[in-house]
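J.: This is the structure, below, for whatever I ask next.
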Protein chains: 2
Amino acid sequence: MKTKTKRVTILEVAKDAGVSFSAVSKVLRNAYGVSDALRERVNTSIKKLGYSPNMAARGLRGRSFVIGVVFPDMRNPFLADIFTGISSALQRTPYQAVRGIAGHSSETDLTQAMIDMQMDGIILVSSGLSHEQLTDSGARIPLVIIGNRPPAPTTFDTVNNNDEQSGRLVIAHLAKQGAKRIAMLSLESPTAMRMRERGYTMGMEENGSAHFGTIMRAPKLSRGLYSGIEALLEKRPEAVFCWCDEVAFETISHARANGLRIPEDVAIVGHDNTAYCALDQNSLTSVDQSGEQIGLNATKLLIERLEGRRECEQILLQPRLVVRRSSTIHA
Amino acid sequence: MKTKTKRVTILEVAKDAGVSFSAVSKVLRNAYGVSDALRERVNTSIKKLGYSPNMAARGLRGRSFVIGVVFPDMRNPFLADIFTGISSALQRTPYQAVRGIAGHSSETDLTQAMIDMQMDGIILVSSGLSHEQLTDSGARIPLVIIGNRPPAPTTFDTVNNNDEQSGRLVIAHLAKQGAKRIAMLSLESPTAMRMRERGYTMGMEENGSAHFGTIMRAPKLSRGLYSGIEALLEKRPEAVFCWCDEVAFETISHARANGLRIPEDVAIVGHDNTAYCALDQNSLTSVDQSGEQIGLNATKLLIERLEGRRECEQILLQPRLVVRRSSTIHA
DNA sequence: TTGAAAGCGCTAACAA
DNA sequence: TTGTTAGCGCTTTCAA
């Protein structure tokens with residue numbers, strides 16, 4: 001077995017600086033009662049020896065100053081936006097940098113693993129966990145949930161896009177252009193999707209076309225989606241509202257392959273306004289929910305929690321529609 | 001400050017099972033000299049109490065059984081493939097699950113942070129670090145580098161796609177269709193790109209069209225790329241070989257926006273064969289370098305290292321070309 | 001086959 | 001203002 005290279009410890013720094021090792025710890029923690037001279041001396045030694053604190057040891061006693069971020073997968077570029085928000089929010093705080101963590105194991109395992117690694121708090125994105133599981137996790141560690149709206153959280157905070165609003169924005173936009181037969185491609189698990197569907201349904205009702213509505217739900221891993229999209233397109237809807245941009249891109253692909261023109265034969269709208277929407281070959285109308293803002297807010301909430309807040313807080317952000325060619329029926 | 005919920009420790013398990021706490025530790029580590037009866041009893045208590053070992057404390061003494069994965073960013077879907085490979089490789093080993101970590105801080109900081117968190121080893125993907133920095137890191141912690149081919153590594157292992165081959169495959173394919181003026185859009189930092197460029201150059205020479213070659217390098221964050229692509233397209237090359245699919249998609253977008261037909265006016269080839277290539281609106285010819293295989297191999301190497309191997313190893317994988325409409329000039 | 005005891009590197013009372 | 005002293009939860013000798 002490989003012998004790990006010996007690290008510089010707080011003890012060696014203390015010896016080098018000619019002080020007690022707890023003095024070094026104090027400097028590290030910005031604790032009270034350290035003279036400038038001592039601080040200076042210690043800092044010099046730290047730099048000289050290239051010391052850096054051992055997080056594991058640190059976490060064993062107090063806080064580790066590391067927060068964990070759990071993503072369902074890495075493939076959705078929208079998640080990257082959220083992470084950007086988290087990163088920049090952390091930069092302005094006295095806290096250590098983020099460590100974003102994604103994995104393939106089950107979310108419960110991952111969350112547990114993070115607790116095991118002494119993370120101070122966790123941000124869970126688009127989790128498929130039940131309300132009960134979330135409540136349980138929240139009782140064990142400070143927790144912020146993104147993209148999931150449980151009825152009445154008691155142990156954790158949430159940050160969400162106003163998904164009803166998303167659905168209504170889309171339907172209003174399409175209805176204004178005269179569309180009636182508007183279908184929706186949704187997703188099975190996260191509760192945020194239920195909200196988006198509700199917005200869609202409300203919109204359809206306001207539009208007086210509820211009768212023409214169809215919601216099709218796909219399982220998370222967009223496998224069986226293919227046949228689903230084909231089947232949906234065969235019904236010749238005037239427009240399709242897709243729960244995320246990736247699915248919308250695929251719908252565009254299928255429509256084209258079947259000789260349908262976009263938006264003349266079928267208008268398509270996505271959600272998240274990810275970078276690819278702007279590409280000429282997609283030119284996809286999409287709902288922008290600012291992942292960066294979401295990440296920013298989630299981090300803010302988590303830090304407040306770590307600092308002592310006990311009551312739960314819920315944040316709801318407003319989306320906006322970015323219109324492009326894919327839904328501009330009458331140009 | 002929030003008081004953390006008390007965790008179940010090894011001590012409580014010991015009490016519950018009526019054994020010494022070191023006996024529990026032995027069961028946990030599958031150490032020698034534990035009777036089946038004792039093991040049984042301890043395991044029952046572990047399940048009953050829902051105990052799970054504290055990684056930080058464990059890492060303080062021995063191995064943490066956690067390995068870190070550093071990605072340059074989250075936006076390239078090819079990186080997700082690599083992560084898939086790493087995950088599945090770890091599933092078959094006696095080692096703990098992976099924790100993939102991505103961040104915005106500098107790579108050196110991240111690597112350091114991982115060492116601080118007691119990770120046993122690190123996989124660095126598409127790192128921009130210098131050979132010296134890599135050598136230094138490799139001396140401190142078991143290290144595997146992906147997508148970077150330093151001349152003669154002495155402290156770490158590498159797994160790479162045969163990037164020269166990638167370049168040659170593309171040029172051969174285009175040359176066979178009569179193309180001469182083939183441009184390449186490359187990237188500044190990682191050395192893997194230098195290899196890919198070399199393959200391109202060699203291909204152009206074999207094709208007798210070295211004279212017509214142009215390599216344009218973009219900085220990592222595809223910002224200034226836009227104007228670059230425009231400028232490149234204005235020279236009206238017959239084909240453009242892009243260092244990755246994302247850039248190829250953007251090139252397609254610009255070409256279309258400028259009224260160029262693909263592939264009649266300009267053929268386009270990408271690299272990585274990511275999922276979007278197959279979409280009808282892209283139908284992008286691309287080099288497949290199997291991220292999953294790369295991740296798998298990297299993990300294998302890292303585990304070998306952790307188990308004691310001292311000599312460095314280099315693995316080179318062969319790419320293959322997946323032809324689609326974007327480069328089928330004569331259909 | 002089991003258990004006792006000594007740390008790993010650090011934080012956070014407490015004493016000096 | 002500084003240093004002393006307990007641990008945090010675990011691994012790993014070494015005795016019993």
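Residue numbering restarts at 1 for every chain of the structure tokens, chains are lettered A, B, ... in their displayed order, and ligands are numbered from 1 as they appear.
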What does chain B look like once superposed on chain A, all Cα atoms paired in sequence order, least squares? Give it as a compact mmCIF listing (two decimals) with C-alpha atoms, in the first residue's frame.

T.:
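Dumped to superposed05.txt:
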```
# COMPACT_ATOMS: atom_id res chain seq x y z
CA MET B 1 -0.11 0.14 -0.11
CA LYS B 2 1.12 3.54 -1.08
CA THR B 3 2.56 5.57 1.74
CA LYS B 4 1.11 9.04 1.65
CA THR B 5 3.56 11.89 1.55
CA LYS B 6 3.83 13.50 4.92
CA ARG B 7 1.81 16.67 5.13
CA VAL B 8 2.78 19.83 6.93
CA THR B 9 0.76 19.95 10.13
CA ILE B 10 -0.16 22.65 12.54
CA LEU B 11 2.55 21.34 14.82
CA GLU B 12 5.36 22.00 12.41
CA VAL B 13 4.05 25.47 11.77
CA ALA B 14 4.05 26.05 15.52
CA LYS B 15 7.60 24.84 15.82
CA ASP B 16 8.74 26.97 12.93
CA ALA B 17 7.07 30.06 14.35
CA GLY B 18 8.25 29.28 17.85
CA VAL B 19 4.78 29.25 19.40
CA SER B 20 2.42 26.66 20.85
CA PHE B 21 0.34 24.69 18.41
CA SER B 22 -2.89 26.02 19.81
CA ALA B 23 -1.75 29.53 19.01
CA VAL B 24 -1.58 28.49 15.37
CA SER B 25 -5.07 27.09 15.57
CA LYS B 26 -6.29 30.40 16.89
CA VAL B 27 -4.73 32.35 14.07
CA LEU B 28 -6.32 29.94 11.63
CA ARG B 29 -9.74 30.47 13.12
CA ASN B 30 -9.40 34.21 13.68
CA ALA B 31 -10.13 33.57 17.33
CA TYR B 32 -9.92 36.24 20.00
CA GLY B 33 -6.82 37.00 21.96
CA VAL B 34 -4.03 36.84 19.44
CA SER B 35 -1.52 39.64 19.20
CA ASP B 36 -0.69 41.08 15.82
CA ALA B 37 2.92 40.12 16.25
CA LEU B 38 2.09 36.49 16.90
CA ARG B 39 -0.40 36.42 14.05
CA GLU B 40 2.22 37.86 11.74
CA ARG B 41 4.79 35.31 12.74
CA VAL B 42 2.42 32.39 12.34
CA ASN B 43 1.19 33.56 8.95
CA THR B 44 4.74 33.84 7.72
CA SER B 45 5.48 30.27 8.74
CA ILE B 46 2.25 29.04 7.17
CA LYS B 47 3.24 30.55 3.83
CA LYS B 48 6.80 29.38 4.13
CA LEU B 49 5.88 25.78 4.80
CA GLY B 50 2.93 25.75 2.43
CA TYR B 51 0.62 24.62 5.17
CA SER B 52 -3.06 24.03 4.49
CA PRO B 53 -5.50 22.77 7.08
CA ASN B 54 -6.70 19.20 6.96
CA MET B 55 -10.44 19.43 6.43
CA ALA B 56 -11.17 16.01 7.76
CA ALA B 57 -9.51 16.66 11.07
CA ARG B 58 -11.12 20.05 11.29
CA GLY B 59 -14.56 18.66 10.52
CA LEU B 60 -14.14 16.10 13.24
CA ARG B 61 -14.44 18.78 15.89
CA GLY B 62 -16.22 21.75 14.41
CA ARG B 63 -17.42 22.84 11.03
CA SER B 64 -15.71 21.73 7.86
CA PHE B 65 -16.74 24.84 5.90
CA VAL B 66 -17.58 22.68 2.96
CA ILE B 67 -21.04 22.41 1.51
CA GLY B 68 -22.22 19.65 -0.79
CA VAL B 69 -24.27 20.05 -3.94
CA VAL B 70 -26.19 17.06 -5.26
CA PHE B 71 -27.25 17.02 -8.90
CA PRO B 72 -29.41 14.30 -10.49
CA ASP B 73 -26.95 14.08 -13.39
CA MET B 74 -24.38 16.13 -15.24
CA ARG B 75 -25.98 16.24 -18.63
CA ASN B 76 -28.44 19.06 -18.25
CA PRO B 77 -26.63 22.33 -18.93
CA PHE B 78 -29.16 24.14 -16.80
CA LEU B 79 -27.58 22.51 -13.77
CA ALA B 80 -24.30 24.14 -14.69
CA ASP B 81 -25.99 27.52 -14.43
CA ILE B 82 -27.17 26.71 -10.94
CA PHE B 83 -23.68 25.70 -9.99
CA THR B 84 -22.31 28.97 -11.33
CA GLY B 85 -24.72 30.82 -9.05
CA ILE B 86 -23.67 28.77 -6.06
CA SER B 87 -20.00 29.34 -6.75
CA SER B 88 -20.28 33.07 -7.06
CA ALA B 89 -22.47 33.34 -3.97
CA LEU B 90 -19.84 31.53 -1.96
CA GLN B 91 -17.09 33.77 -3.17
CA ARG B 92 -18.54 36.70 -1.27
CA THR B 93 -18.92 34.90 2.04
CA PRO B 94 -16.42 34.12 4.75
CA TYR B 95 -17.07 30.46 3.97
CA GLN B 96 -14.77 28.12 2.12
CA ALA B 97 -15.24 27.48 -1.57
CA VAL B 98 -17.94 25.10 -2.78
CA ARG B 99 -17.35 21.59 -3.72
CA GLY B 100 -20.05 20.54 -6.14
CA ILE B 101 -20.69 16.86 -6.09
CA ALA B 102 -22.58 14.76 -8.55
CA GLY B 103 -22.96 11.04 -8.72
CA HIS B 104 -24.63 7.97 -10.00
CA SER B 105 -25.45 6.36 -6.73
CA SER B 106 -28.86 6.90 -5.25
CA GLU B 107 -29.56 10.32 -3.84
CA THR B 108 -30.07 9.00 -0.35
CA ASP B 109 -26.68 7.34 -0.45
CA LEU B 110 -25.07 10.48 -1.76
CA THR B 111 -26.66 12.64 0.89
CA GLN B 112 -25.53 10.20 3.52
CA ALA B 113 -22.05 10.15 2.10
CA MET B 114 -21.93 13.90 2.33
CA ILE B 115 -22.92 13.82 5.93
CA ASP B 116 -20.22 11.21 6.42
CA MET B 117 -17.69 13.48 4.83
CA GLN B 118 -18.49 16.15 7.36
CA MET B 119 -20.08 18.59 5.01
CA ASP B 120 -21.74 21.42 6.88
CA GLY B 121 -24.78 21.64 4.64
CA ILE B 122 -26.31 20.32 1.45
CA ILE B 123 -28.05 21.75 -1.59
CA LEU B 124 -30.19 19.16 -3.34
CA VAL B 125 -31.16 19.87 -6.94
CA SER B 126 -34.20 18.34 -8.64
CA SER B 127 -34.32 15.59 -6.13
CA GLY B 128 -36.67 12.68 -6.59
CA LEU B 129 -36.77 12.09 -2.86
CA SER B 130 -40.11 11.92 -1.08
CA HIS B 131 -41.26 14.60 1.29
CA GLU B 132 -40.63 12.22 4.15
CA GLN B 133 -37.07 11.49 3.07
CA LEU B 134 -36.37 15.17 2.65
CA THR B 135 -37.78 15.95 6.07
CA ASP B 136 -35.62 13.25 7.52
CA SER B 137 -32.47 14.49 5.82
CA GLY B 138 -33.27 18.05 6.80
CA ALA B 139 -33.38 16.98 10.41
CA ARG B 140 -29.87 15.60 10.14
CA ILE B 141 -28.15 18.37 8.25
CA PRO B 142 -28.89 21.92 7.04
CA LEU B 143 -30.61 21.43 3.71
CA VAL B 144 -31.82 23.52 0.79
CA ILE B 145 -33.97 21.98 -1.93
CA ILE B 146 -34.07 23.30 -5.49
CA GLY B 147 -36.69 22.30 -8.03
CA ASN B 148 -39.08 20.51 -5.77
CA ARG B 149 -42.02 22.00 -3.96
CA PRO B 150 -43.23 19.91 -1.07
CA PRO B 151 -46.43 21.17 0.59
CA ALA B 152 -45.12 22.46 3.89
CA PRO B 153 -41.46 21.91 4.63
CA THR B 154 -40.56 21.83 8.29
CA THR B 155 -36.88 20.97 8.30
CA PHE B 156 -35.46 22.53 5.14
CA ASP B 157 -35.54 25.58 2.88
CA THR B 158 -36.52 25.67 -0.77
CA VAL B 159 -35.77 27.77 -3.82
CA ASN B 160 -37.95 27.35 -6.85
CA ASN B 161 -38.94 28.79 -10.12
CA ASN B 162 -42.62 29.74 -10.26
CA ASP B 163 -43.46 26.79 -12.44
CA GLU B 164 -47.16 27.52 -12.73
CA GLN B 165 -46.18 30.84 -14.17
CA SER B 166 -43.88 29.07 -16.62
CA GLY B 167 -46.76 27.00 -17.94
CA ARG B 168 -49.11 29.95 -18.19
CA LEU B 169 -46.57 32.12 -19.98
CA VAL B 170 -46.09 29.48 -22.64
CA ILE B 171 -49.75 28.80 -23.21
CA ALA B 172 -50.59 32.49 -23.29
CA HIS B 173 -47.90 33.05 -25.91
CA LEU B 174 -49.14 30.21 -28.09
CA ALA B 175 -52.81 31.01 -27.60
CA LYS B 176 -52.25 34.59 -28.68
CA GLN B 177 -51.18 33.16 -32.02
CA GLY B 178 -54.34 31.14 -32.28
CA ALA B 179 -53.05 27.73 -31.23
CA LYS B 180 -55.55 25.42 -29.53
CA ARG B 181 -54.20 21.90 -29.76
CA ILE B 182 -51.19 22.32 -27.51
CA ALA B 183 -49.56 19.21 -26.04
CA MET B 184 -47.16 19.02 -23.15
CA LEU B 185 -44.21 16.69 -22.69
CA SER B 186 -43.61 16.38 -18.98
CA LEU B 187 -41.55 14.33 -16.56
CA GLU B 188 -42.50 11.75 -14.02
CA SER B 189 -40.69 12.43 -10.81
CA PRO B 190 -39.99 15.92 -9.51
CA THR B 191 -42.89 17.78 -8.04
CA ALA B 192 -41.80 20.96 -9.80
CA MET B 193 -43.16 19.33 -12.93
CA ARG B 194 -46.58 18.97 -11.35
CA MET B 195 -46.58 22.75 -10.90
CA ARG B 196 -45.58 23.31 -14.48
CA GLU B 197 -48.35 21.00 -15.60
CA ARG B 198 -50.80 22.89 -13.45
CA GLY B 199 -49.79 26.15 -15.13
CA TYR B 200 -50.27 24.48 -18.48
CA THR B 201 -53.72 23.26 -17.52
CA MET B 202 -54.75 26.62 -16.13
CA GLY B 203 -53.53 28.30 -19.27
CA MET B 204 -55.45 25.89 -21.44
CA GLU B 205 -58.60 26.56 -19.46
CA GLU B 206 -58.19 30.30 -19.74
CA ASN B 207 -57.64 29.77 -23.44
CA GLY B 208 -60.85 27.79 -23.67
CA SER B 209 -58.96 24.85 -25.12
CA ALA B 210 -58.63 22.59 -22.10
CA HIS B 211 -60.48 20.04 -24.17
CA PHE B 212 -57.52 19.75 -26.56
CA GLY B 213 -54.90 19.32 -23.89
CA THR B 214 -52.63 16.29 -23.61
CA ILE B 215 -49.91 15.76 -21.06
CA MET B 216 -47.41 13.03 -21.71
CA ARG B 217 -44.99 12.10 -18.97
CA ALA B 218 -41.62 10.52 -19.62
CA PRO B 219 -39.46 8.67 -17.11
CA LYS B 220 -36.37 10.50 -15.95
CA LEU B 221 -33.80 8.85 -18.19
CA SER B 222 -35.16 10.00 -21.51
CA ARG B 223 -35.02 6.46 -22.90
CA GLY B 224 -38.51 5.46 -23.94
CA LEU B 225 -39.06 9.06 -24.83
CA TYR B 226 -38.38 8.47 -28.50
CA SER B 227 -41.43 6.43 -29.25
CA GLY B 228 -43.39 8.79 -27.06
CA ILE B 229 -42.45 11.80 -29.10
CA GLU B 230 -43.22 10.00 -32.34
CA ALA B 231 -46.62 9.01 -31.05
CA LEU B 232 -47.33 12.51 -29.87
CA LEU B 233 -46.34 14.08 -33.18
CA GLU B 234 -48.55 11.68 -35.08
CA LYS B 235 -51.53 13.28 -33.41
CA ARG B 236 -50.44 16.45 -35.16
CA PRO B 237 -50.65 19.00 -32.34
CA GLU B 238 -50.27 22.64 -33.33
CA ALA B 239 -47.68 23.12 -30.61
CA VAL B 240 -45.66 21.14 -28.08
CA PHE B 241 -44.46 22.52 -24.75
CA CYS B 242 -41.46 20.50 -23.55
CA TRP B 243 -40.39 20.33 -19.93
CA CYS B 244 -36.79 21.08 -20.78
CA ASP B 245 -34.74 22.26 -23.73
CA GLU B 246 -33.08 18.93 -24.37
CA VAL B 247 -36.40 17.26 -24.91
CA ALA B 248 -37.43 20.16 -27.12
CA PHE B 249 -34.32 19.66 -29.26
CA GLU B 250 -35.23 16.06 -29.66
CA THR B 251 -38.75 16.96 -30.57
CA ILE B 252 -37.41 19.31 -33.22
CA SER B 253 -35.29 16.46 -34.53
CA HIS B 254 -38.22 14.06 -34.77
CA ALA B 255 -40.48 16.66 -36.34
CA ARG B 256 -37.91 17.42 -39.03
CA ALA B 257 -37.22 13.77 -39.66
CA ASN B 258 -40.96 13.31 -40.25
CA GLY B 259 -41.06 16.19 -42.70
CA LEU B 260 -42.84 18.61 -40.40
CA ARG B 261 -41.92 22.26 -40.64
CA ILE B 262 -41.28 24.28 -37.52
CA PRO B 263 -43.19 26.34 -36.56
CA GLU B 264 -45.67 26.14 -39.47
CA ASP B 265 -46.66 22.53 -38.89
CA VAL B 266 -45.79 22.34 -35.23
CA ALA B 267 -44.54 25.04 -32.88
CA ILE B 268 -42.13 23.98 -30.16
CA VAL B 269 -41.31 25.58 -26.81
CA GLY B 270 -38.68 24.50 -24.29
CA HIS B 271 -37.79 25.35 -20.75
CA ASP B 272 -34.59 26.73 -19.16
CA ASN B 273 -33.32 28.83 -22.06
CA THR B 274 -30.02 26.98 -22.16
CA ALA B 275 -27.25 28.10 -24.51
CA TYR B 276 -28.18 25.83 -27.43
CA CYS B 277 -31.57 27.52 -27.78
CA ALA B 278 -29.97 30.43 -29.55
CA LEU B 279 -28.33 28.31 -32.24
CA ASP B 280 -29.79 28.92 -35.66
CA GLN B 281 -30.66 25.27 -36.24
CA ASN B 282 -32.73 25.24 -33.04
CA SER B 283 -33.86 28.82 -32.55
CA LEU B 284 -35.96 27.54 -29.71
CA THR B 285 -38.44 29.60 -27.74
CA SER B 286 -37.84 28.81 -24.09
CA VAL B 287 -38.74 29.83 -20.56
CA ASP B 288 -35.82 31.40 -18.73
CA GLN B 289 -35.71 30.58 -15.04
CA SER B 290 -32.21 31.92 -14.34
CA GLY B 291 -30.34 29.04 -12.84
CA GLU B 292 -27.75 31.44 -11.60
CA GLN B 293 -30.29 33.33 -9.49
CA ILE B 294 -31.61 30.06 -8.14
CA GLY B 295 -28.15 28.91 -7.12
CA LEU B 296 -27.37 32.26 -5.59
CA ASN B 297 -30.50 32.25 -3.47
CA ALA B 298 -30.08 28.68 -2.37
CA THR B 299 -26.58 29.40 -1.14
CA LYS B 300 -27.76 32.48 0.69
CA LEU B 301 -30.41 30.43 2.48
CA LEU B 302 -27.99 27.68 3.38
CA ILE B 303 -25.50 30.07 4.88
CA GLU B 304 -28.21 31.75 6.92
CA ARG B 305 -29.08 28.34 8.25
CA LEU B 306 -25.52 27.55 9.11
CA GLU B 307 -25.37 30.86 10.92
CA GLY B 308 -28.29 29.95 13.09
CA ARG B 309 -31.68 30.59 11.48
CA ARG B 310 -34.24 28.01 12.65
CA GLU B 311 -37.44 28.82 10.72
CA CYS B 312 -37.90 27.49 7.21
CA GLU B 313 -37.91 29.77 4.24
CA GLN B 314 -39.27 29.38 0.74
CA ILE B 315 -38.17 31.45 -2.21
CA LEU B 316 -40.08 31.62 -5.48
CA LEU B 317 -38.52 33.25 -8.54
CA GLN B 318 -40.37 34.59 -11.56
CA PRO B 319 -39.61 33.15 -15.01
CA ARG B 320 -39.76 35.01 -18.31
CA LEU B 321 -40.37 33.82 -21.84
CA VAL B 322 -37.72 34.22 -24.52
CA VAL B 323 -39.39 34.01 -27.92
CA ARG B 324 -37.52 32.68 -30.95
CA ARG B 325 -38.47 31.27 -34.34
CA SER B 326 -39.60 27.85 -33.15
CA SER B 327 -42.88 29.31 -31.93
CA THR B 328 -43.32 32.35 -34.15
CA ILE B 329 -46.19 30.91 -36.15
CA HIS B 330 -47.18 34.09 -37.97
CA ALA B 331 -43.95 35.84 -38.83
```

J.: Could you please tell me, as a list in words, which residues of chain C have an atom within 10 Å of chain B when using only C-alpha atoms (C1' of nucleotides)?

T.: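 Filtering chain C at 10 Å from chain B with only C-alpha atoms (C1' of nucleotides) gives DT1, DT2, DG3, DA4, DG7, DC8 and DG9 of chain C.
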
J.: Taking only C-alpha atoms (C1' of nucleotides) into account, what are the residues of chain D at most 7 Å from chain B, put as a ChimeraX atom specification?

T.: /D:9-11

J.: Could the residues in this selection be saved with N, CA and C atoms (P, O5', C5', C4', C3', O3' and C1' of nucleotides) as a tab-separated table (two decimals), in the first residue's frame?

T.:
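Contents of part_31.tsv, as written:
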```
chain	number	residue	atom	x	y	z
D	9	DG	P	-18.15	11.91	17.95
D	9	DG	O5'	-17.53	10.81	17.00
D	9	DG	C5'	-17.52	11.00	15.60
D	9	DG	C4'	-16.58	9.98	14.98
D	9	DG	C3'	-16.91	8.53	15.31
D	9	DG	O3'	-16.99	7.82	14.09
D	9	DG	C1'	-14.64	8.98	15.72
D	10	DC	P	-17.21	6.31	13.96
D	10	DC	O5'	-15.72	5.80	13.72
D	10	DC	C5'	-15.18	5.92	12.42
D	10	DC	C4'	-13.67	5.91	12.50
D	10	DC	C3'	-13.04	4.53	12.57
D	10	DC	O3'	-12.81	4.07	11.24
D	10	DC	C1'	-11.93	6.14	13.96
D	11	DT	P	-12.35	2.58	11.01
D	11	DT	O5'	-10.77	2.67	11.25
D	11	DT	C5'	-9.98	3.36	10.30
D	11	DT	C4'	-8.52	3.28	10.71
D	11	DT	C3'	-7.90	1.89	10.61
D	11	DT	O3'	-6.59	2.06	10.10
D	11	DT	C1'	-7.65	2.70	12.81
```

J.: C1' of DC14 in chain C to C1' of DT1 in chain D: how many Å, to one decimal?

T.: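 Computed distance, C1' of DC14 in chain C to C1' of DT1 in chain D, equals 14.3 Å.
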
J.: Among range 157-314 of chain A, which ones does DSSP assign to strand (DSSP E) (computed from the backbone)? Answer as a ChimeraX atom specification.

T.: /A:157-161,182-187,214-218,239-242,267-271,285-288,314

J.: Keeping only N, CA and C atoms, take the residues you just selected and write them out as a short mmCIF file (atom, residue, chain, number, x, y, z; two decimals), in the first residue's frame.

T.:
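Result written to out-v9.cif:
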```cif
data_model
loop_
_atom_site.label_atom_id
_atom_site.label_comp_id
_atom_site.auth_asym_id
_atom_site.auth_seq_id
_atom_site.Cartn_x
_atom_site.Cartn_y
_atom_site.Cartn_z
N ASP A 157 -35.16 24.33 3.74
CA ASP A 157 -35.56 25.48 2.94
C ASP A 157 -35.71 25.06 1.48
N THR A 158 -36.42 25.87 0.72
CA THR A 158 -36.54 25.56 -0.71
C THR A 158 -36.36 26.82 -1.56
N VAL A 159 -35.86 26.61 -2.76
CA VAL A 159 -35.79 27.68 -3.75
C VAL A 159 -36.37 27.10 -5.03
N ASN A 160 -37.33 27.81 -5.60
CA ASN A 160 -37.96 27.29 -6.79
C ASN A 160 -38.31 28.36 -7.79
N ASN A 161 -38.38 27.92 -9.01
CA ASN A 161 -38.95 28.74 -10.05
C ASN A 161 -40.46 28.67 -9.88
N ILE A 182 -52.51 22.29 -28.12
CA ILE A 182 -51.16 22.40 -27.56
C ILE A 182 -50.91 21.21 -26.65
N ALA A 183 -49.86 20.44 -26.93
CA ALA A 183 -49.55 19.28 -26.09
C ALA A 183 -48.40 19.61 -25.15
N MET A 184 -48.28 18.85 -24.10
CA MET A 184 -47.15 19.07 -23.19
C MET A 184 -46.40 17.76 -22.97
N LEU A 185 -45.08 17.86 -23.05
CA LEU A 185 -44.22 16.73 -22.72
C LEU A 185 -43.66 16.98 -21.34
N SER A 186 -44.05 16.16 -20.39
CA SER A 186 -43.64 16.39 -19.00
C SER A 186 -42.78 15.23 -18.49
N LEU A 187 -42.52 15.27 -17.21
CA LEU A 187 -41.60 14.30 -16.61
C LEU A 187 -42.27 13.65 -15.42
N THR A 214 -53.18 17.71 -23.95
CA THR A 214 -52.65 16.37 -23.70
C THR A 214 -51.35 16.53 -22.94
N ILE A 215 -51.22 15.81 -21.84
CA ILE A 215 -49.93 15.81 -21.14
C ILE A 215 -49.34 14.43 -21.25
N MET A 216 -48.10 14.36 -21.71
CA MET A 216 -47.44 13.07 -21.79
C MET A 216 -46.23 13.09 -20.87
N ARG A 217 -46.17 12.15 -19.96
CA ARG A 217 -45.04 12.12 -19.03
C ARG A 217 -44.03 11.07 -19.42
N ALA A 218 -42.76 11.47 -19.40
CA ALA A 218 -41.70 10.52 -19.71
C ALA A 218 -40.99 10.17 -18.41
N ALA A 239 -48.81 22.80 -31.39
CA ALA A 239 -47.63 23.21 -30.63
C ALA A 239 -47.32 22.18 -29.55
N VAL A 240 -46.03 22.10 -29.17
CA VAL A 240 -45.62 21.21 -28.09
C VAL A 240 -44.78 22.00 -27.09
N PHE A 241 -45.19 21.91 -25.84
CA PHE A 241 -44.44 22.56 -24.76
C PHE A 241 -43.63 21.45 -24.07
N CYS A 242 -42.30 21.56 -24.12
CA CYS A 242 -41.44 20.51 -23.57
C CYS A 242 -40.90 20.92 -22.21
N ALA A 267 -45.29 24.18 -33.64
CA ALA A 267 -44.46 25.12 -32.88
C ALA A 267 -43.89 24.37 -31.68
N ILE A 268 -42.69 24.74 -31.28
CA ILE A 268 -42.08 24.03 -30.16
C ILE A 268 -41.51 25.02 -29.15
N VAL A 269 -41.76 24.76 -27.88
CA VAL A 269 -41.25 25.62 -26.81
C VAL A 269 -40.54 24.75 -25.77
N GLY A 270 -39.41 25.24 -25.29
CA GLY A 270 -38.65 24.49 -24.28
C GLY A 270 -38.69 25.18 -22.92
N HIS A 271 -37.84 24.74 -22.04
CA HIS A 271 -37.78 25.34 -20.71
C HIS A 271 -36.34 25.34 -20.20
N THR A 285 -37.70 28.82 -28.69
CA THR A 285 -38.36 29.63 -27.67
C THR A 285 -38.31 28.85 -26.36
N SER A 286 -37.97 29.54 -25.28
CA SER A 286 -37.79 28.81 -24.03
C SER A 286 -38.05 29.70 -22.83
N VAL A 287 -38.45 29.08 -21.73
CA VAL A 287 -38.69 29.82 -20.49
C VAL A 287 -37.37 29.93 -19.73
N ASP A 288 -37.03 31.16 -19.38
CA ASP A 288 -35.78 31.36 -18.65
C ASP A 288 -36.06 31.42 -17.16
N GLN A 314 -39.02 29.73 2.18
CA GLN A 314 -39.29 29.28 0.81
C GLN A 314 -39.10 30.46 -0.11
#
```

J.: Which of range 143-318 of chain A counts as helix (DSSP H, G or I) under DSSP, as a PyMOL selection string please?

T.: chain A and resi 163-176+191-206+210-212+225-234+245-257+275-278+291-306
